[in-house]
>>> print(open('final.pdb').read())   # PDB, C-alpha atoms
MODEL        1
ATOM      1  CA  MET A  23      55.218 -16.487 -32.863  1.00  0.00           C
ATOM      2  CA  VAL A  24      51.924 -14.571 -32.730  1.00  0.00           C
ATOM      3  CA  ASP A  25      51.674 -11.706 -30.226  1.00  0.00           C
ATOM      4  CA  ILE A  26      48.190 -10.308 -29.555  1.00  0.00           C
ATOM      5  CA  HIS A  27      47.046  -7.430 -27.380  1.00  0.00           C
ATOM      6  CA  CYS A  28      43.950  -9.045 -25.924  1.00  0.00           C
ATOM      7  CA  ASP A  29      41.035  -7.902 -23.751  1.00  0.00           C
ATOM      8  CA  GLU A  30      42.791  -4.767 -22.478  1.00  0.00           C
ATOM      9  CA  THR A  31      39.659  -3.429 -20.853  1.00  0.00           C
ATOM     10  CA  ASP A  32      37.683  -3.512 -17.617  1.00  0.00           C
ATOM     11  CA  ASP A  33      34.661  -4.943 -19.443  1.00  0.00           C
ATOM     12  CA  PRO A  34      33.812  -8.367 -17.947  1.00  0.00           C
ATOM     13  CA  HIS A  35      32.071  -9.343 -21.198  1.00  0.00           C
ATOM     14  CA  SER A  36      35.261  -9.017 -23.256  1.00  0.00           C
ATOM     15  CA  ARG A  37      36.385 -12.607 -23.782  1.00  0.00           C
ATOM     16  CA  HIS A  38      38.418 -12.547 -26.982  1.00  0.00           C
ATOM     17  CA  ILE A  39      40.958 -14.715 -25.183  1.00  0.00           C
ATOM     18  CA  GLU A  40      38.574 -17.650 -25.687  1.00  0.00           C
ATOM     19  CA  THR A  41      38.770 -17.146 -29.457  1.00  0.00           C
ATOM     20  CA  VAL A  42      42.559 -16.871 -29.267  1.00  0.00           C
ATOM     21  CA  CYS A  43      42.716 -20.170 -27.389  1.00  0.00           C
ATOM     22  CA  GLN A  44      40.402 -21.954 -29.810  1.00  0.00           C
ATOM     23  CA  LEU A  45      42.300 -20.751 -32.890  1.00  0.00           C
ATOM     24  CA  THR A  46      45.606 -21.692 -31.262  1.00  0.00           C
ATOM     25  CA  GLN A  47      44.356 -25.243 -30.769  1.00  0.00           C
ATOM     26  CA  ASP A  48      42.835 -25.433 -34.262  1.00  0.00           C
ATOM     27  CA  ARG A  49      46.184 -24.473 -35.789  1.00  0.00           C
ATOM     28  CA  ASP A  50      48.297 -26.529 -33.370  1.00  0.00           C
ATOM     29  CA  MET A  51      50.247 -23.438 -32.311  1.00  0.00           C
ATOM     30  CA  GLY A  52      50.461 -24.081 -28.578  1.00  0.00           C
ATOM     31  CA  GLY A  53      53.564 -22.463 -27.122  1.00  0.00           C
ATOM     32  CA  HIS A  54      53.812 -19.977 -29.986  1.00  0.00           C
ATOM     33  CA  VAL A  55      50.977 -17.576 -29.127  1.00  0.00           C
ATOM     34  CA  VAL A  56      51.204 -14.713 -26.643  1.00  0.00           C
ATOM     35  CA  ALA A  57      48.188 -12.801 -25.335  1.00  0.00           C
ATOM     36  CA  GLY A  58      49.204  -9.530 -23.750  1.00  0.00           C
ATOM     37  CA  HIS A  59      47.296  -7.710 -21.004  1.00  0.00           C
ATOM     38  CA  CYS A  60      44.073  -9.796 -20.690  1.00  0.00           C
ATOM     39  CA  THR A  61      42.983  -7.323 -18.012  1.00  0.00           C
ATOM     40  CA  ALA A  62      39.276  -8.071 -18.503  1.00  0.00           C
ATOM     41  CA  MET A  63      39.947 -11.350 -16.705  1.00  0.00           C
ATOM     42  CA  HIS A  64      40.277  -9.321 -13.503  1.00  0.00           C
ATOM     43  CA  SER A  65      36.560  -8.526 -13.798  1.00  0.00           C
ATOM     44  CA  TYR A  66      35.213 -11.967 -14.744  1.00  0.00           C
ATOM     45  CA  ASN A  67      33.004 -13.774 -12.279  1.00  0.00           C
ATOM     46  CA  GLY A  68      34.282 -17.045 -10.840  1.00  0.00           C
ATOM     47  CA  PRO A  69      32.809 -19.511 -13.364  1.00  0.00           C
ATOM     48  CA  ALA A  70      33.836 -17.364 -16.347  1.00  0.00           C
ATOM     49  CA  ALA A  71      37.372 -16.995 -15.014  1.00  0.00           C
ATOM     50  CA  ASN A  72      37.699 -20.747 -14.412  1.00  0.00           C
ATOM     51  CA  LYS A  73      36.528 -21.466 -17.944  1.00  0.00           C
ATOM     52  CA  VAL A  74      39.100 -19.081 -19.416  1.00  0.00           C
ATOM     53  CA  LEU A  75      41.914 -20.365 -17.194  1.00  0.00           C
ATOM     54  CA  THR A  76      41.167 -23.917 -18.368  1.00  0.00           C
ATOM     55  CA  ALA A  77      41.127 -22.827 -22.022  1.00  0.00           C
ATOM     56  CA  ILE A  78      44.466 -21.011 -21.664  1.00  0.00           C
ATOM     57  CA  ASN A  79      46.072 -24.041 -20.062  1.00  0.00           C
ATOM     58  CA  ARG A  80      44.683 -26.447 -22.648  1.00  0.00           C
ATOM     59  CA  ALA A  81      45.722 -24.279 -25.604  1.00  0.00           C
ATOM     60  CA  GLN A  82      49.136 -23.442 -24.099  1.00  0.00           C
ATOM     61  CA  VAL A  83      48.680 -19.741 -24.793  1.00  0.00           C
ATOM     62  CA  GLN A  84      51.023 -17.573 -22.772  1.00  0.00           C
ATOM     63  CA  VAL A  85      49.481 -14.558 -21.053  1.00  0.00           C
ATOM     64  CA  VAL A  86      51.782 -11.584 -20.504  1.00  0.00           C
ATOM     65  CA  THR A  87      50.952  -9.109 -17.770  1.00  0.00           C
ATOM     66  CA  ASN A  88      52.126  -5.493 -17.906  1.00  0.00           C
ATOM     67  CA  PRO A  89      51.571  -4.339 -14.328  1.00  0.00           C
ATOM     68  CA  LEU A  90      52.960  -0.810 -14.602  1.00  0.00           C
ATOM     69  CA  ASP A  91      50.569   0.161 -17.382  1.00  0.00           C
ATOM     70  CA  SER A  92      47.639  -1.869 -16.090  1.00  0.00           C
ATOM     71  CA  ILE A  93      47.713  -0.379 -12.594  1.00  0.00           C
ATOM     72  CA  VAL A  94      47.622   3.108 -14.156  1.00  0.00           C
ATOM     73  CA  LEU A  95      45.137   2.569 -16.989  1.00  0.00           C
ATOM     74  CA  GLN A  96      42.580   0.071 -15.695  1.00  0.00           C
ATOM     75  CA  GLY A  97      39.882   0.940 -13.193  1.00  0.00           C
ATOM     76  CA  ARG A  98      40.094   4.650 -14.040  1.00  0.00           C
ATOM     77  CA  PHE A  99      36.360   4.966 -14.451  1.00  0.00           C
ATOM     78  CA  ASP A 100      35.515   3.011 -11.320  1.00  0.00           C
ATOM     79  CA  ASN A 101      34.059   4.616  -8.241  1.00  0.00           C
ATOM     80  CA  TYR A 102      35.078   2.857  -5.029  1.00  0.00           C
ATOM     81  CA  PRO A 103      36.227   0.174  -4.542  1.00  0.00           C
ATOM     82  CA  LYS A 104      38.544   0.534  -7.566  1.00  0.00           C
ATOM     83  CA  ARG A 105      39.748  -2.512  -9.448  1.00  0.00           C
ATOM     84  CA  ARG A 106      43.509  -2.989  -9.710  1.00  0.00           C
ATOM     85  CA  GLY A 107      42.980  -4.166 -13.258  1.00  0.00           C
ATOM     86  CA  LEU A 108      45.780  -6.707 -13.654  1.00  0.00           C
ATOM     87  CA  THR A 109      45.063 -10.086 -15.157  1.00  0.00           C
ATOM     88  CA  ARG A 110      44.780 -13.056 -12.776  1.00  0.00           C
ATOM     89  CA  VAL A 111      48.465 -13.815 -12.410  1.00  0.00           C
ATOM     90  CA  PRO A 112      48.269 -15.914  -9.196  1.00  0.00           C
ATOM     91  CA  GLU A 113      45.504 -18.081 -10.648  1.00  0.00           C
ATOM     92  CA  LEU A 114      47.333 -18.480 -13.966  1.00  0.00           C
ATOM     93  CA  LEU A 115      50.458 -19.623 -12.132  1.00  0.00           C
ATOM     94  CA  GLN A 116      48.488 -21.965  -9.885  1.00  0.00           C
ATOM     95  CA  ALA A 117      46.965 -23.551 -12.984  1.00  0.00           C
ATOM     96  CA  GLY A 118      50.455 -24.354 -14.249  1.00  0.00           C
ATOM     97  CA  ASN A 119      50.689 -21.699 -16.937  1.00  0.00           C
ATOM     98  CA  LYS A 120      53.859 -19.909 -17.978  1.00  0.00           C
ATOM     99  CA  VAL A 121      53.118 -16.226 -17.434  1.00  0.00           C
ATOM    100  CA  GLY A 122      55.159 -13.494 -19.069  1.00  0.00           C
ATOM    101  CA  LEU A 123      56.040 -10.198 -17.403  1.00  0.00           C
ATOM    102  CA  GLY A 124      56.286  -7.062 -19.523  1.00  0.00           C
ATOM    103  CA  HIS A 125      57.026  -3.380 -19.141  1.00  0.00           C
ATOM    104  CA  ASP A 126      54.957  -2.339 -22.195  1.00  0.00           C
ATOM    105  CA  SER A 127      55.168   1.455 -22.507  1.00  0.00           C
ATOM    106  CA  VAL A 128      58.267   3.265 -21.286  1.00  0.00           C
ATOM    107  CA  VAL A 129      57.727   7.026 -21.684  1.00  0.00           C
ATOM    108  CA  ASP A 130      54.507   7.851 -23.499  1.00  0.00           C
ATOM    109  CA  PRO A 131      50.982   9.122 -22.700  1.00  0.00           C
ATOM    110  CA  TRP A 132      49.908   5.707 -21.422  1.00  0.00           C
ATOM    111  CA  TYR A 133      52.781   5.353 -18.989  1.00  0.00           C
ATOM    112  CA  PRO A 134      55.081   8.385 -18.605  1.00  0.00           C
ATOM    113  CA  LEU A 135      57.259   7.076 -15.739  1.00  0.00           C
ATOM    114  CA  GLY A 136      59.007   4.075 -17.288  1.00  0.00           C
ATOM    115  CA  MET A 137      62.731   3.398 -16.959  1.00  0.00           C
ATOM    116  CA  GLY A 138      62.869   0.345 -19.220  1.00  0.00           C
ATOM    117  CA  ASN A 139      63.794  -1.745 -16.165  1.00  0.00           C
ATOM    118  CA  LEU A 140      61.825  -4.987 -16.002  1.00  0.00           C
ATOM    119  CA  LEU A 141      62.521  -5.169 -12.276  1.00  0.00           C
ATOM    120  CA  ASP A 142      60.164  -2.196 -11.821  1.00  0.00           C
ATOM    121  CA  ALA A 143      57.391  -4.261 -13.404  1.00  0.00           C
ATOM    122  CA  ALA A 144      58.224  -7.212 -11.145  1.00  0.00           C
ATOM    123  CA  TYR A 145      58.163  -4.953  -8.074  1.00  0.00           C
ATOM    124  CA  MET A 146      54.724  -3.623  -9.018  1.00  0.00           C
ATOM    125  CA  LEU A 147      53.409  -7.130  -9.741  1.00  0.00           C
ATOM    126  CA  VAL A 148      54.427  -8.343  -6.276  1.00  0.00           C
ATOM    127  CA  HIS A 149      52.453  -5.498  -4.698  1.00  0.00           C
ATOM    128  CA  ALA A 150      49.390  -5.388  -6.937  1.00  0.00           C
ATOM    129  CA  CYS A 151      48.791  -9.153  -6.990  1.00  0.00           C
ATOM    130  CA  HIS A 152      49.688  -9.843  -3.340  1.00  0.00           C
ATOM    131  CA  LEU A 153      52.606 -12.049  -4.369  1.00  0.00           C
ATOM    132  CA  SER A 154      54.727 -11.113  -1.371  1.00  0.00           C
ATOM    133  CA  GLY A 155      55.388 -14.585   0.040  1.00  0.00           C
ATOM    134  CA  GLN A 156      58.967 -15.838  -0.205  1.00  0.00           C
ATOM    135  CA  GLU A 157      58.213 -18.502  -2.817  1.00  0.00           C
ATOM    136  CA  GLU A 158      55.823 -16.189  -4.656  1.00  0.00           C
ATOM    137  CA  MET A 159      58.494 -13.522  -5.074  1.00  0.00           C
ATOM    138  CA  ARG A 160      60.944 -16.130  -6.293  1.00  0.00           C
ATOM    139  CA  ARG A 161      58.331 -17.277  -8.806  1.00  0.00           C
ATOM    140  CA  VAL A 162      57.957 -13.693 -10.044  1.00  0.00           C
ATOM    141  CA  PHE A 163      61.724 -13.618 -10.593  1.00  0.00           C
ATOM    142  CA  GLN A 164      61.452 -16.845 -12.612  1.00  0.00           C
ATOM    143  CA  MET A 165      58.840 -15.176 -14.805  1.00  0.00           C
ATOM    144  CA  MET A 166      61.564 -12.783 -15.972  1.00  0.00           C
ATOM    145  CA  VAL A 167      64.402 -15.260 -16.444  1.00  0.00           C
ATOM    146  CA  SER A 168      62.428 -18.289 -17.647  1.00  0.00           C
ATOM    147  CA  ASP A 169      58.764 -17.741 -18.586  1.00  0.00           C
ATOM    148  CA  ASN A 170      59.511 -14.660 -20.699  1.00  0.00           C
ATOM    149  CA  HIS A 171      61.694 -16.744 -23.013  1.00  0.00           C
ATOM    150  CA  VAL A 172      59.153 -19.516 -23.679  1.00  0.00           C
ATOM    151  CA  PRO A 173      57.744 -18.063 -26.943  1.00  0.00           C
ATOM    152  CA  PHE A 174      61.296 -17.696 -28.281  1.00  0.00           C
ATOM    153  CA  GLY A 175      62.280 -21.293 -27.716  1.00  0.00           C
ATOM    154  CA  GLY A 176      63.541 -21.012 -24.163  1.00  0.00           C
ATOM    155  CA  ALA A 177      66.061 -18.986 -22.213  1.00  0.00           C
ATOM    156  CA  PRO A 178      69.640 -18.677 -23.523  1.00  0.00           C
ATOM    157  CA  LYS A 179      71.745 -21.543 -22.196  1.00  0.00           C
ATOM    158  CA  ILE A 180      74.637 -20.889 -19.832  1.00  0.00           C
ATOM    159  CA  ALA A 181      77.022 -23.560 -21.077  1.00  0.00           C
ATOM    160  CA  GLN A 182      80.321 -23.917 -22.894  1.00  0.00           C
ATOM    161  CA  GLY A 183      79.909 -23.372 -26.613  1.00  0.00           C
ATOM    162  CA  GLU A 184      76.642 -21.444 -26.277  1.00  0.00           C
ATOM    163  CA  SER A 185      76.276 -17.778 -27.112  1.00  0.00           C
ATOM    164  CA  ALA A 186      76.724 -15.882 -23.838  1.00  0.00           C
ATOM    165  CA  GLU A 187      73.691 -13.631 -23.397  1.00  0.00           C
ATOM    166  CA  PHE A 188      73.004 -12.687 -19.788  1.00  0.00           C
ATOM    167  CA  LEU A 189      72.972 -10.054 -17.067  1.00  0.00           C
ATOM    168  CA  VAL A 190      75.219 -10.138 -14.018  1.00  0.00           C
ATOM    169  CA  HIS A 191      73.717  -8.728 -10.830  1.00  0.00           C
ATOM    170  CA  SER A 192      75.622  -7.687  -7.719  1.00  0.00           C
ATOM    171  CA  LEU A 193      73.132  -9.567  -5.519  1.00  0.00           C
ATOM    172  CA  ASN A 194      72.620 -13.309  -5.043  1.00  0.00           C
ATOM    173  CA  ASP A 195      69.073 -13.445  -3.691  1.00  0.00           C
ATOM    174  CA  PRO A 196      66.296 -13.030  -6.300  1.00  0.00           C
ATOM    175  CA  ILE A 197      64.135 -11.335  -3.675  1.00  0.00           C
ATOM    176  CA  ASP A 198      66.825  -8.719  -3.042  1.00  0.00           C
ATOM    177  CA  ILE A 199      67.177  -8.185  -6.789  1.00  0.00           C
ATOM    178  CA  ILE A 200      63.464  -7.343  -6.984  1.00  0.00           C
ATOM    179  CA  ARG A 201      63.495  -5.350  -3.746  1.00  0.00           C
ATOM    180  CA  LEU A 202      66.410  -3.074  -4.601  1.00  0.00           C
ATOM    181  CA  ARG A 203      65.899  -2.959  -8.386  1.00  0.00           C
ATOM    182  CA  ARG A 204      69.527  -2.142  -9.143  1.00  0.00           C
ATOM    183  CA  VAL A 205      70.736  -1.994 -12.715  1.00  0.00           C
ATOM    184  CA  PRO A 206      72.888  -5.017 -13.620  1.00  0.00           C
ATOM    185  CA  ALA A 207      76.575  -4.833 -12.789  1.00  0.00           C
ATOM    186  CA  TYR A 208      77.380  -6.218 -16.247  1.00  0.00           C
ATOM    187  CA  VAL A 209      75.524  -6.803 -19.493  1.00  0.00           C
ATOM    188  CA  VAL A 210      76.969  -9.626 -21.592  1.00  0.00           C
ATOM    189  CA  ARG A 211      76.007 -10.096 -25.230  1.00  0.00           C
ATOM    190  CA  GLY A 212      77.614 -12.563 -27.586  1.00  0.00           C
ATOM    191  CA  GLY A 213      80.254 -13.334 -24.988  1.00  0.00           C
ATOM    192  CA  ILE A 214      81.308  -9.688 -24.757  1.00  0.00           C
ATOM    193  CA  ILE A 215      80.686  -7.294 -21.869  1.00  0.00           C
ATOM    194  CA  VAL A 216      78.830  -4.452 -23.577  1.00  0.00           C
ATOM    195  CA  ALA A 217      77.923  -2.441 -20.462  1.00  0.00           C
ATOM    196  CA  GLU A 218      79.132  -2.012 -16.916  1.00  0.00           C
ATOM    197  CA  ASN A 219      77.340  -0.180 -14.131  1.00  0.00           C
ATOM    198  CA  GLN A 220      78.904   1.081 -10.933  1.00  0.00           C
ATOM    199  CA  PRO A 221      76.723   0.961  -7.817  1.00  0.00           C
ATOM    200  CA  ALA A 222      75.644   4.259  -6.316  1.00  0.00           C
ATOM    201  CA  GLN A 223      77.656   5.314  -3.287  1.00  0.00           C
ATOM    202  CA  THR A 224      76.443   7.091  -0.169  1.00  0.00           C
ATOM    203  CA  SER A 225      78.801   8.975   2.165  1.00  0.00           C
ATOM    204  CA  VAL A 226      77.942   9.431   5.841  1.00  0.00           C
ATOM    205  CA  PHE A 227      79.857  12.255   7.494  1.00  0.00           C
ATOM    206  CA  ASP A 228      81.199  12.042  11.044  1.00  0.00           C
ATOM    207  CA  GLU A 229      80.325  15.662  11.701  1.00  0.00           C
ATOM    208  CA  ALA A 230      77.409  17.815  10.642  1.00  0.00           C
ATOM    209  CA  ILE A 231      78.150  20.124   7.709  1.00  0.00           C
ATOM    210  CA  ASP A 232      77.100  23.762   7.828  1.00  0.00           C
ATOM    211  CA  ILE A 233      75.292  24.225   4.534  1.00  0.00           C
ATOM    212  CA  GLY A 234      76.096  27.921   4.652  1.00  0.00           C
ATOM    213  CA  ASN A 235      79.797  27.104   4.460  1.00  0.00           C
ATOM    214  CA  PHE A 236      79.413  24.203   2.048  1.00  0.00           C
ATOM    215  CA  ASN A 237      80.965  26.005  -0.941  1.00  0.00           C
ATOM    216  CA  LYS A 238      83.753  27.734   1.014  1.00  0.00           C
TER     217      LYS A 238
ENDMDL
END
>>> encode(input="final.pdb", output="structure tokens")
Amino acid sequence: MVDIHCDETDDPHSRHIETVCQLTQDRDMGGHVVAGHCTAMHSYNGPAANKVLTAINRAQVQVVTNPLDSIVLQGRFDNYPKRRGLTRVPELLQAGNKVGLGHDSVVDPWYPLGMGNLLDAAYMLVHACHLSGQEEMRRVFQMMVSDNHVPFGGAPKIAQGESAEFLVHSLNDPIDIIRLRRVPAYVVRGGIIVAENQPAQTSVFDEAIDIGNFNK
């Protein structure tokens, strides 16, 4: 697999993704090339964007968006209106592309607020790209559990005899999983539970508590 940080800029003239697509086709590497960020696509005019979307689809290059970093870094030098700076995720999905979802930085100068939780990135993507429809949010969830595995040969199989590699959430609805962003109840690796998380608990008191007497 080839992983490229590509066109991470607000410059509408940055179109290195076209070269990536052409080289991917020349070398017959469709499905094995990832182009991260591609934020310049946010600033392309309509015809330029359509040309690039067609090239990406034809070459089978997977674009990976990193919404937490992009929403912080891109558009910083804009006056108003400010660009959101994410790549064109809705259009990529509509064109039939598999789109990856990344966290990118966790705690560093580029993004100091990361928790390493991919659900945070999904939550931001839903907001920043107006993907708040029921089916759109479910498609964002599929980006995490399906699209993200494409360059590695597909998602781990849940079947007898396969290596058990998965997360167990305490919620059934993918939309609720994105909305609440809880850590998984269990982490399973190689058929073994390697981590367990207890849900946070909130206590509601029947009577008001005098803070002044709280420690007495």
>>> closest_atom_pairs(input="final.pdb", of="region 79-108 of chain A", to="region 136-144 of chain A", cutoff="9 Å", atoms="only C-alpha atoms", output="JSON lines")
{"residue": "A:Asn88", "atom": "CA", "partner": "A:Ala143", "partner_atom": "CA", "distance": 7.0}
{"residue": "A:Pro89", "atom": "CA", "partner": "A:Ala143", "partner_atom": "CA", "distance": 5.9}
{"residue": "A:Leu90", "atom": "CA", "partner": "A:Ala143", "partner_atom": "CA", "distance": 5.7}
>>> write_last_selection(input="final.pdb", atoms="C-alpha atoms", output="CSV table (one decimal), in the coordinates of the input")
chain,number,residue,atom,x,y,z
A,88,ASN,CA,52.1,-5.5,-17.9
A,89,PRO,CA,51.6,-4.3,-14.3
A,90,LEU,CA,53.0,-0.8,-14.6
>>> axis_aligned_box(input="final.pdb", around="region 139-154 of chain A", padding_each_side="8 Å", output="lines of an AutoDock Vina configuration file")
center_x = 56.3
center_y = -6.9
center_z = -8.8
size_x = 31.0
size_y = 26.3
size_z = 30.8
>>> atom_distance(input="final.pdb", atom1="CA of Phe99 (chain A)", atom2="CA of Ser65 (chain A)")
13.5 Å
>>> resolve_selection(input="final.pdb", expression="the PyMOL selection byres ((chain A and resi 41-43) around 7)", output="list of chain:residue names")
A:His38, A:Ile39, A:Glu40, A:Gln44, A:Leu45, A:Thr46, A:Gln47, A:Ala77, A:Ile78, A:Ala81, A:Val83
>>> closest_residue(input="final.pdb", among="A:Phe188, A:Arg105, A:Thr87, A:Ile93", to="Val162 (chain A)", atoms="only C-alpha atoms")
A:Thr87
>>> residues_around(input="final.pdb", residues="Gly213 (chain A)", least_positions_apart="4", cutoff="10 Å", atoms="only C-alpha atoms", output="PyMOL selection string")
chain A and resi 184-188+209
>>> atom_distance(input="final.pdb", atom1="CA of Leu114 (chain A)", atom2="CA of Gln84 (chain A)")
9.6 Å
>>> atom_distance(input="final.pdb", atom1="CA of His35 (chain A)", atom2="CA of Ala71 (chain A)")
11.2 Å
>>> resolve_selection(input="final.pdb", expression="the PyMOL selection byres ((chain A and resi 30) around 9)", output="PDB file with C-alpha atoms, keeping the file's coordinate frame")
ATOM      1  CA  HIS A  27      47.046  -7.430 -27.380  1.00  0.00           C
ATOM      2  CA  CYS A  28      43.950  -9.045 -25.924  1.00  0.00           C
ATOM      3  CA  ASP A  29      41.035  -7.902 -23.751  1.00  0.00           C
ATOM      4  CA  THR A  31      39.659  -3.429 -20.853  1.00  0.00           C
ATOM      5  CA  ASP A  32      37.683  -3.512 -17.617  1.00  0.00           C
ATOM      6  CA  ASP A  33      34.661  -4.943 -19.443  1.00  0.00           C
ATOM      7  CA  SER A  36      35.261  -9.017 -23.256  1.00  0.00           C
ATOM      8  CA  GLY A  58      49.204  -9.530 -23.750  1.00  0.00           C
ATOM      9  CA  HIS A  59      47.296  -7.710 -21.004  1.00  0.00           C
ATOM     10  CA  CYS A  60      44.073  -9.796 -20.690  1.00  0.00           C
ATOM     11  CA  THR A  61      42.983  -7.323 -18.012  1.00  0.00           C
ATOM     12  CA  ALA A  62      39.276  -8.071 -18.503  1.00  0.00           C
ATOM     13  CA  SER A  92      47.639  -1.869 -16.090  1.00  0.00           C
ATOM     14  CA  GLN A  96      42.580   0.071 -15.695  1.00  0.00           C
TER      15      GLN A  96
END
>>> resolve_selection(input="final.pdb", expression="the PyMOL selection byres ((chain A and resi 151) around 9)", output="ChimeraX atom specification")
/A:106,108,110-112,146-150,152-154
>>> write_last_selection(input="final.pdb", atoms="C-alpha atoms", output="short mmCIF file (atom, residue, chain, number, x, y, z; two decimals), in the frame of the given file")
data_model
loop_
_atom_site.label_atom_id
_atom_site.label_comp_id
_atom_site.auth_asym_id
_atom_site.auth_seq_id
_atom_site.Cartn_x
_atom_site.Cartn_y
_atom_site.Cartn_z
CA ARG A 106 43.51 -2.99 -9.71
CA LEU A 108 45.78 -6.71 -13.65
CA ARG A 110 44.78 -13.06 -12.78
CA VAL A 111 48.46 -13.82 -12.41
CA PRO A 112 48.27 -15.91 -9.20
CA MET A 146 54.72 -3.62 -9.02
CA LEU A 147 53.41 -7.13 -9.74
CA VAL A 148 54.43 -8.34 -6.28
CA HIS A 149 52.45 -5.50 -4.70
CA ALA A 150 49.39 -5.39 -6.94
CA HIS A 152 49.69 -9.84 -3.34
CA LEU A 153 52.61 -12.05 -4.37
CA SER A 154 54.73 -11.11 -1.37
#
>>> residues_around(input="final.pdb", residues="region 165-177 of chain A", least_positions_apart="4", cutoff="6 Å", atoms="all atoms listed in the file", output="number ranges by chain")
A: 54, 120-122
>>> closest_residue(input="final.pdb", among="A:Arg204, A:Arg80, A:Arg160, A:Lys104", to="Gln220 (chain A)", atoms="all atoms listed in the file")
A:Arg204
